[in-house]
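So the structure is just underneath, and the comments pick up after that.
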Amino acid sequence: MNITSFRTANLNDVADLVQLVNSAYHPGPDTATWTNESRFVLGTRTSEQALEKLLVKDDSVVLLGLQDDLIVASVHVEKSENHAHIGMLAVNPVLQCKGLGKQMLDQAEAYAGRYFNVEKYVLVVIELRDELIAFYQRRGYQKTGRTIDYAALCGDTCDGKIDGMQLIVLEKSVFRECGHPGRY
């Protein structure tokens, strides 16, 4: 299954994005998706206010994956110094395990390489998410040995369920190739 088009999100997409991201990370109790982090983190993954801040922030973009006109996937990309932080990768729970996450990650890397001219991509993942870490390692990301305290990262909005939960930092060097990595 393929995403039929990609575009950058705008403020008109916020409500749909909130629903997509929260359902991908915190689906209903009877939904067993592999991105489900409900057993680690309470509460919602994002809010309208948080997404609005990302959309108006300099060097920050949310990319959308669409099938026809329906938003089915998203990913946040933000430039910081010489790297691009890639996060909040979300795929509609009904469409997970069909390759859409890989397509979105490819688009995030292409966008960062083209528009942010960075040297590396950086991700942070809950240390207990072995399957997710393995997903990123299969795509060339490597553990850096650095960790971040989950509560320190999320600040006042933290709904961490596990005291002392850590995020591990993964990195991937940018591979520059000839041609155009994507169009936006």
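Simple scheme: letters A, B, ... for chains in structure tokens order, numbers from 1 for residues in each chain, numbers from 1 for ligands in the order shown.
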* To do: Can you list, as a PyMOL selection string, all residues belonging to range 68-165 of chain A that DSSP tags as alpha helix (DSSP H)?
  => chain A and resi 100-111+130-138+150-154
Using only C-alpha atoms, determine which residues lie at most 8 Å from Asn10 in chain A, disregarding the query and same-chain residues fewer than 3 positions distant; provide the list as a short mmCIF file (atom, residue, chain, number, x, y, z; two decimals) with N, CA, C and O atoms, in the first residue's frame.
data_model
loop_
_atom_site.label_atom_id
_atom_site.label_comp_id
_atom_site.auth_asym_id
_atom_site.auth_seq_id
_atom_site.Cartn_x
_atom_site.Cartn_y
_atom_site.Cartn_z
N ASP A 13 -5.26 21.81 9.32
CA ASP A 13 -5.13 20.36 9.52
C ASP A 13 -5.06 19.95 10.99
O ASP A 13 -5.02 18.76 11.30
N VAL A 14 -5.02 20.91 11.89
CA VAL A 14 -4.73 20.61 13.30
C VAL A 14 -5.70 19.59 13.90
O VAL A 14 -5.27 18.62 14.54
N LEU A 55 3.53 24.07 14.10
CA LEU A 55 3.28 24.54 12.74
C LEU A 55 3.71 25.98 12.50
O LEU A 55 3.97 26.35 11.35
#
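Considering only C-alpha atoms, the residue among A:Lys98, A:Glu127, A:Tyr136, A:Arg146 positioned nearest to Ala73 in chain A is A:Lys98.
Distance annotation: of A:Val72, A:Val94, A:Ala50, A:Met88, the residue with the minimal separation from Ala108 in chain A is A:Met88; atom set is only C-alpha atoms.
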* Asked: Which is closer to Tyr115 in chain A than all the others in A:Ile133, A:Ala84, A:Leu89, A:Val18, using only C-alpha atoms?
  -> A:Ala84
* Close residues, Gly145 in chain A itself excluded, 12 Å, only C-alpha atoms, min 6 positions apart in chain, as a VMD selection string -> chain A and resid 124 127 166 to 171
* To do: For Gln103 in chain A, list every protein, DNA or RNA residue within 10 Å, evaluated using only C-alpha atoms, and leave out those in the same chain fewer than 6 positions away; present the list as a list in words.
  => Asn2, Ile3, Phe6, Gly65 and Ala73 of chain A
For the selection just defined, write its residues with C-alpha atoms to a file, as a short mmCIF file (atom, residue, chain, number, x, y, z; two decimals), in the first residue's frame.
data_model
loop_
_atom_site.label_atom_id
_atom_site.label_comp_id
_atom_site.auth_asym_id
_atom_site.auth_seq_id
_atom_site.Cartn_x
_atom_site.Cartn_y
_atom_site.Cartn_z
CA ASN A 2 1.35 3.41 -0.91
CA ILE A 3 0.71 6.94 0.14
CA PHE A 6 2.65 14.20 0.53
CA GLY A 65 0.90 11.41 3.95
CA ALA A 73 0.12 9.48 8.27
#
* Asked: For Ala24 in chain A, which of A:Leu100, A:Ile148, A:Ala90, A:Val125 is the closest residue, counting only C-alpha atoms?
  -> A:Ala90
